Structure formats: C-alpha cells, structure tokens
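> Below is a structure I'd like to ask you about.
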Amino acid sequence: MCGALRASDAGKKVILMGWVNRRRDLGALIFVDVRDRSGVTQVVFSGERNSAVHEKAELLRNEFVIAVIGTVKLRDADTINKNIPTGEIELVADELRILNEAKHPPFLPSDTSLANEEMRLKYRYIDLRRDAMQFNIELRHKVALAIRDYLASQGFFEIETPFMTRSTPEGARDYLVPSRVQPGAFYALPQSPQLFKQILMISGFDKYFQIVRCFRDEDLRADRQPEFTQIDLEMSYPQPERVWETVEGFLTAAFKAAGHDIKTPFTRMDFDDAIRQYGIDKPDLRLPAFTEVRDCFSPADLEQLAINKDLPVIAVRMPGVGELSRKERDDLKPMFISKGGARIFEDFKRIENKFAEAGAKIRQKSGAGPDDLIVLVVGSAQSGKDDHPAQKRKVTPAELAIYASAGLMRVALGQKYAAKHGLFKRGDFRFLWVTNFPMFEYDEGDKRWVAAHHPFTSPHDEDMDKLESDPAMVRALAYDVVLNGTELGSGSIRIHRQDIQRKIFHALGMTEEEAKSRFGFFLEALEYGTPPHGGIALGLDRIVMILAGADSLREVIPFPKTAAAKDLMVDAPTPVTDAQLRDLGIAVAKKP
RNA sequence: GGGGACGUAGUUCAGUUGGUUAGAACGCUGCCCUGUCACGGCAGAGGCCGCGGGUUCGAGUCCCGUCGUCCCCGCCA
C-alpha cells in the first residue's frame, strides 16, 4: 500500500498501485506522489536512470491510476520529508503502467480549499478520495465494528428485521412503497424496528441488536438525514440500569476504537432538573447551568423592569466571553427565540449600572467572574396565568417557556462564542443519562395527549393509576443518552402486558377499533407470554460525527441527501414511467 | 409551510458609488529546469457573472420572480 513503506524497507523491490496525487516535473527528474487510502509515497522517475520510463511518466496527470514497479530507496538526509509517514524513503521507478487515465476532475482530492457541497455531492466519488473523508469512513467502520464485537461478546444476536413493513401513522411521516400485487396498498419503510424487536423478545431472543437503516420522511437538518443508521438493541428482564450499562459498554468500546477513553457510569439527571438547569432535555454539560436569580432583585426592581415576579428569572452565563459590543448585542437579538412571551436582557452592564445591588448579587450567585458574559431571560409582566392541562407539573408550562427560551439562548451563545473562547475542548466528552421523562405531551393543535417517547413505553409503576385521571403527571420509564448537547439515543422499558398497552392506546385517544386495526398483531402477540423487556436505539451517524469533529452528518455518511432530500450524484428521486405507475395502479396528480 | 445566507473562469474567491477591455490563486495547456514534496520560471487558453424579467443612457453591482446549495423555525412518537 502507498502508506506502508518505511526506512526498514530500503532495498526492497516493490509494486505500488494508486492514484497520481501530485506530480512535480523538474525536467529530467519527475516526482509523483502515488496515493491510496493508506497514504502517499513519492515515486522518482529519472531520465538518466531509465529514459523510456521517464518519458512515459511525462504523460501522467492528476488522478491517473498507475502501477509502479521499483526499488525502495532511503532518501538522503537533506531530502527527507518529515510531513508524511513515508517521508524517509522513495520509490525509484523501473517500470510504469498507466492502468487508467482520468478526465480533469472538477476538483482535486489534494486541493487545499474545499469545493462547495453541491459539487462535492455530485462528484461524491472524488470527494470521498479526500483524506478527511477517507478518515471519516474508516472511523465509521471501526466504530461500528467495535460496537458489534462488544455486543456479540455480551451475548447479543444481530438479527435483521424487514425494511418493507406496515405504516403506523403516528410519529414521523413514513416513506411508502407501493405494492404491485396488492394495488392501492403500501408498505412503509421502518422509522425504527420497534415492534419487531419487541416481538423478538416475545420470540425468545432475549438479547437482540442490529445496526440498521431507519427512514423518516421529515425535513432535514445538519444532524438529520431521511435515512440514517441506528444501533438498535433490546433485552429481556432488564432494569433501566442494565440497558445503561450495555450502552456505556459499547460506547466505551466505540470511543476506544476512535482513540478516546471515556468514563463510566455516565452522569444521570432527572428530566425536570434538566429543564430547570439547562432549559432543554439534552443539555450540553460543557457549559455552565443556569442560575435562577429572581431573588437577587427587589420587588421594586422587578416592577420597574416589567419582569414577571411569579416566573423564573434566568441568568445564562458564558465563562470568559466578556462584555459584548453594541453590534454583538444587536446580533444576539434575532438569535433569541421567545417561547410564551419570554424576554431577554442582553445588556447586563446596563442592569448593573441601574440596579447595582441586584447586579452584584447576580454575579455572586451565578459565580460569574468579571470576564463572564451574562444574559438574563425573564417572563414579561403580563404572562404567567394559564389553565394548560400540564399546569400541575413540577415545571409548569409558563415556567417551561422561560426555561426553554433561556435554553435556546444558552445553546446559541455556546455555538457562537464558546468555540472561540476555548470552552469546547477536543476530546471533551460529557455523557449524560436523562431519565424520568413525562409519559405524555399535550398536542396544542390536536388538543390531545400524545406519547412523549412512543406508545410502547412503560409508565412508572406508581403512576399507573394516573393514566386516565391525571395524564400530565405520569412519568415514563424512558431515558435518553446525551453527549455534548446532542441526543445520541433514546430508549425505555416497554409495556409487556396487553391490558396496560390497551390503556395507553386509550389514553392517547385511540378507540378500541383503531388500536386493533393498527396494532392488533402486536396486542395479540403480547398475550402469548411476553417477558418484561426494554431497550434503546442510538444514532451511529451522530456518534461518528462527534468523533470526527464534524458539523454535519454528511461528513460521515458516504452518500447523503441534500436539505431537499435529493441525492445529487444519482439524481434521485425521479419521476417514473407511466408503465411503472400503471403496474402499481398509481396516478400522479401533479407531475413536475 | 416560514425566515436567513450564498450563487462571478474547471475550483476557491475578489470585484469600490451602477461607468472603459470582469481580476487573483489553485487547476489546465505548451516550453525550460536533476532533489522537488502546496516545486520553481516563462508563455497561454479558459467567463450566458445560476436562470427569467424589470429600472437605467449604461447592470456582475439596484428591484421583482425563479432555480440550486447551506443554516434555522415548524416538523422529527
């Protein structure tokens, strides 16, 4: 391989095959860097030594595929290249074969500046030749392999489940596959193998895993692709802690494979605490938690500032970021997303000038040094009263609006300033289990309760009696694993009793008939001796993205989709022929 | 569905207040060069300024629309 040869190989006769990475033509002496996925080696073509081969080497151009036979030569001390691992040697060519020529590529793998994404995705095969992409894809392979090895060593079986399955119109939108033999009927691509893995528990495969593609027809983000890979697992008879240990085990192996040692067990945090301290259910622990500073203001202060005295007053602190300039503060305002009338005070200096005592107290309580940035998020004076169905929760909807707004501000500030001020250090991995999620969320549009995780999640034993009477207060045996503000995975202990599963469907507003038509097969399966079981699924792409230090999943997925869910290389999706549609019994209402 | 950014040579970008022939770097082509390694030197080719309208004596530059890529909100059990 092109990255393999070392000083100890000097004198050997070898053959190297690869791409022309760069050529340096000095006349009677031509240097060519040959590249494959392992690295580059300098090949020397000398006119003096072999004029026929040298003449052929003059034809070489970027990205030609060549084979070179030659002798490994130790370089003279003054010509050693310390920048590459093979820099102590070079290959003196005796024979050259051009295996294939190449058109001038739109961009070169060796280019120092990166082509734009449109170009990279259209010519993905060239983009993938770049060192960075080769590294990321290798990393992905190593991580997946380490996870497989670990889970297999713990007695898990990898078992495949169908891609062509049935639509369950709850949650994300399904990708549909029309059936030819059953015109008008559709398969759905799985959003997750959820019910199949639960049925595998009923089938006696008590430890299952699968590194599996999942599909969701929703709009994309930098960290969301319509098809993505999950590390999906399920086990019988577990306490949540057993699932967590398993995840901590395979993540330790995966991060080790990427060269990082991580500490287990991970921090654990109640959902309510996450909201109150970070305003989000996936807190980034690299940045400090909120400080509640309402009591730092006198009632008169609150009135004068038109701050709601019944709602939290949140100080968001960014260490070392310092006072913002006027322009920076102006830039901040559009970044603030107000939920439920929350307000922002981005100019803390002004608070300190006008309300010196409160300002000092806030600095002290939040532990803010003189170099720290403080932004306050408060409720407006008129907000606060509501009769929301979730009013009785520990964190009421009105409070949640303040926390959530502050949480979004905290994340936005982190993204904008923390990297610049060294708060995000490479290799700083803050894992976290968020637990005790509420079972239900209230859908304001549909005016009904929906499952916060999914409808197969078991409620807490002690909350079972509140399913009908007080759904807002029911906690779920659900847990998320979070890393540096990214949700890596989500899981739960499942319902294994048919009567409870029925109750949940009912609480979600499903009639008996609906439940039966959508999930009848599953309710029936539950009746045939279902062991207690639970599991989790983690996003492989996101794990690799974080390990690669990338900002987008596209950097770790070989053939990703654009924001409009298109594949620019193969140009998908496309219209299909009328004959195909006829076969499927489908008519397209609006042709492009 | 909504908001924002961007679109100029093969590529990455610059292009002033609307004003003469649209520039640079890399890449490409040719010539020169025996120790380069982001080689160097000389010469050269390469432009529907995304597309369509409009304003103007005059548009890469201003306006409207449209397409594409990216980021975000909604959405993502």
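Residues in the structure tokens are named by chain (A, B, ... in the order shown) and by number from 1 within that chain; ligands are numbered from 1 in the order shown.
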Write out as a PyMOL selection string which residues come within 9 Å of Gln210 (chain A) when counting only C-alpha atoms (C1' of nucleotides), dropping same-chain ones fewer than 6 positions away.

chain A and resi 148+157-161+230-233

> Run DSSP on the backbone of this structure and report the residues of region 59-201 of chain A it assigns to alpha helix (DSSP H), as a ChimeraX atom specification.

/A:117-122,124-127,131-153,194-201

> Could you write out as a PyMOL selection string the residues of chain B within 9 Å of chain A, counting only C-alpha atoms (C1' of nucleotides)?

chain B and resi 10-12+26-28+32-40+68-72+75-77

> As an MDAnalysis selection string, please: every residue in region 184-419 of chain A that a backbone DSSP assignment puts in strand (DSSP E or B).

chainID A and resid 186:188 207:215 221 224 227:236 267:270 291:292 307 314:318 342:345 373:380

> Which is closer to Ala418 (chain A) than all the others in A:Leu121, A:Ala406, A:Leu373, A:Val20, using only C-alpha atoms?

A:Leu373

> Using only C-alpha atoms (C1' of nucleotides), which residues sit within 7 Å of Val482 (chain A) once same-chain residues fewer than 2 positions away are excluded, as a list of chain:residue names?

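After dropping sequence-adjacent residues, the list is A:Lys282, A:Phe431, A:Leu432, A:Trp433, A:Asp480, A:Asn484, A:Gly485, A:Thr486, A:Glu487, A:Leu488.
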
> Identify which of the residues B:G58, B:G65, B:G74, B:G30 lies closest to G18 (chain B), counting only C-alpha atoms (C1' of nucleotides) when measuring atom-to-atom distances.

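Once distances to G18 (chain B) are computed over only C-alpha atoms (C1' of nucleotides), the minimum belongs to B:G58.
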
> So, with only C-alpha atoms (C1' of nucleotides) as the atoms that count, which of B:C6, B:A22, B:C13, B:C67 lies closest to C49 (chain B)?

B:A22

> Show which residues sit within 9 Å of Asp9 (chain A), as an MDAnalysis selection string. Count only C-alpha atoms (C1' of nucleotides), and ignore same-chain residues fewer than 6 positions away.

chainID A and resid 72:74 89

> Kindly save the residues from that selection, with all heavy atoms included, as a short mmCIF file (atom, residue, chain, number, x, y, z; two decimals), in the first residue's frame.


```
data_model
loop_
_atom_site.label_atom_id
_atom_site.label_comp_id
_atom_site.auth_asym_id
_atom_site.auth_seq_id
_atom_site.Cartn_x
_atom_site.Cartn_y
_atom_site.Cartn_z
N VAL A 72 12.82 0.47 -3.36
CA VAL A 72 12.69 1.40 -2.24
C VAL A 72 14.08 1.94 -1.89
O VAL A 72 15.01 1.17 -1.69
CB VAL A 72 12.08 0.71 -1.00
CG1 VAL A 72 11.93 1.71 0.13
CG2 VAL A 72 10.75 0.07 -1.36
N LYS A 73 14.17 3.28 -1.90
CA LYS A 73 15.46 3.90 -1.64
C LYS A 73 15.36 4.81 -0.42
O LYS A 73 14.41 5.57 -0.28
CB LYS A 73 15.87 4.71 -2.87
CG LYS A 73 17.13 5.54 -2.68
CD LYS A 73 17.51 6.25 -3.97
CE LYS A 73 18.44 7.41 -3.73
NZ LYS A 73 17.78 8.64 -3.27
N LEU A 74 16.35 4.65 0.45
CA LEU A 74 16.46 5.57 1.57
C LEU A 74 16.78 6.95 1.03
O LEU A 74 17.69 7.11 0.20
CB LEU A 74 17.60 5.08 2.48
CG LEU A 74 17.46 5.21 4.00
CD1 LEU A 74 16.12 4.68 4.49
CD2 LEU A 74 18.62 4.50 4.68
N ILE A 89 11.65 7.50 2.79
CA ILE A 89 12.01 6.69 1.61
C ILE A 89 11.35 7.27 0.37
O ILE A 89 10.51 8.18 0.43
CB ILE A 89 11.58 5.21 1.78
CG1 ILE A 89 10.07 5.12 2.08
CG2 ILE A 89 12.39 4.56 2.88
CD1 ILE A 89 9.21 4.91 0.91
#
```

> Contacts of Asp428 (chain A) at 10 Å or less, counting only C-alpha atoms (C1' of nucleotides), minus same-chain residues fewer than 3 places along, as JSON, numbers by chain?

{"A": [260, 262, 286, 423, 424, 425, 431, 483, 484]}

> By how many Å are CA of Ala358 (chain A) and CA of Gly322 (chain A) apart?

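Separation of CA of Ala358 (chain A) and CA of Gly322 (chain A): 19.1 Å.
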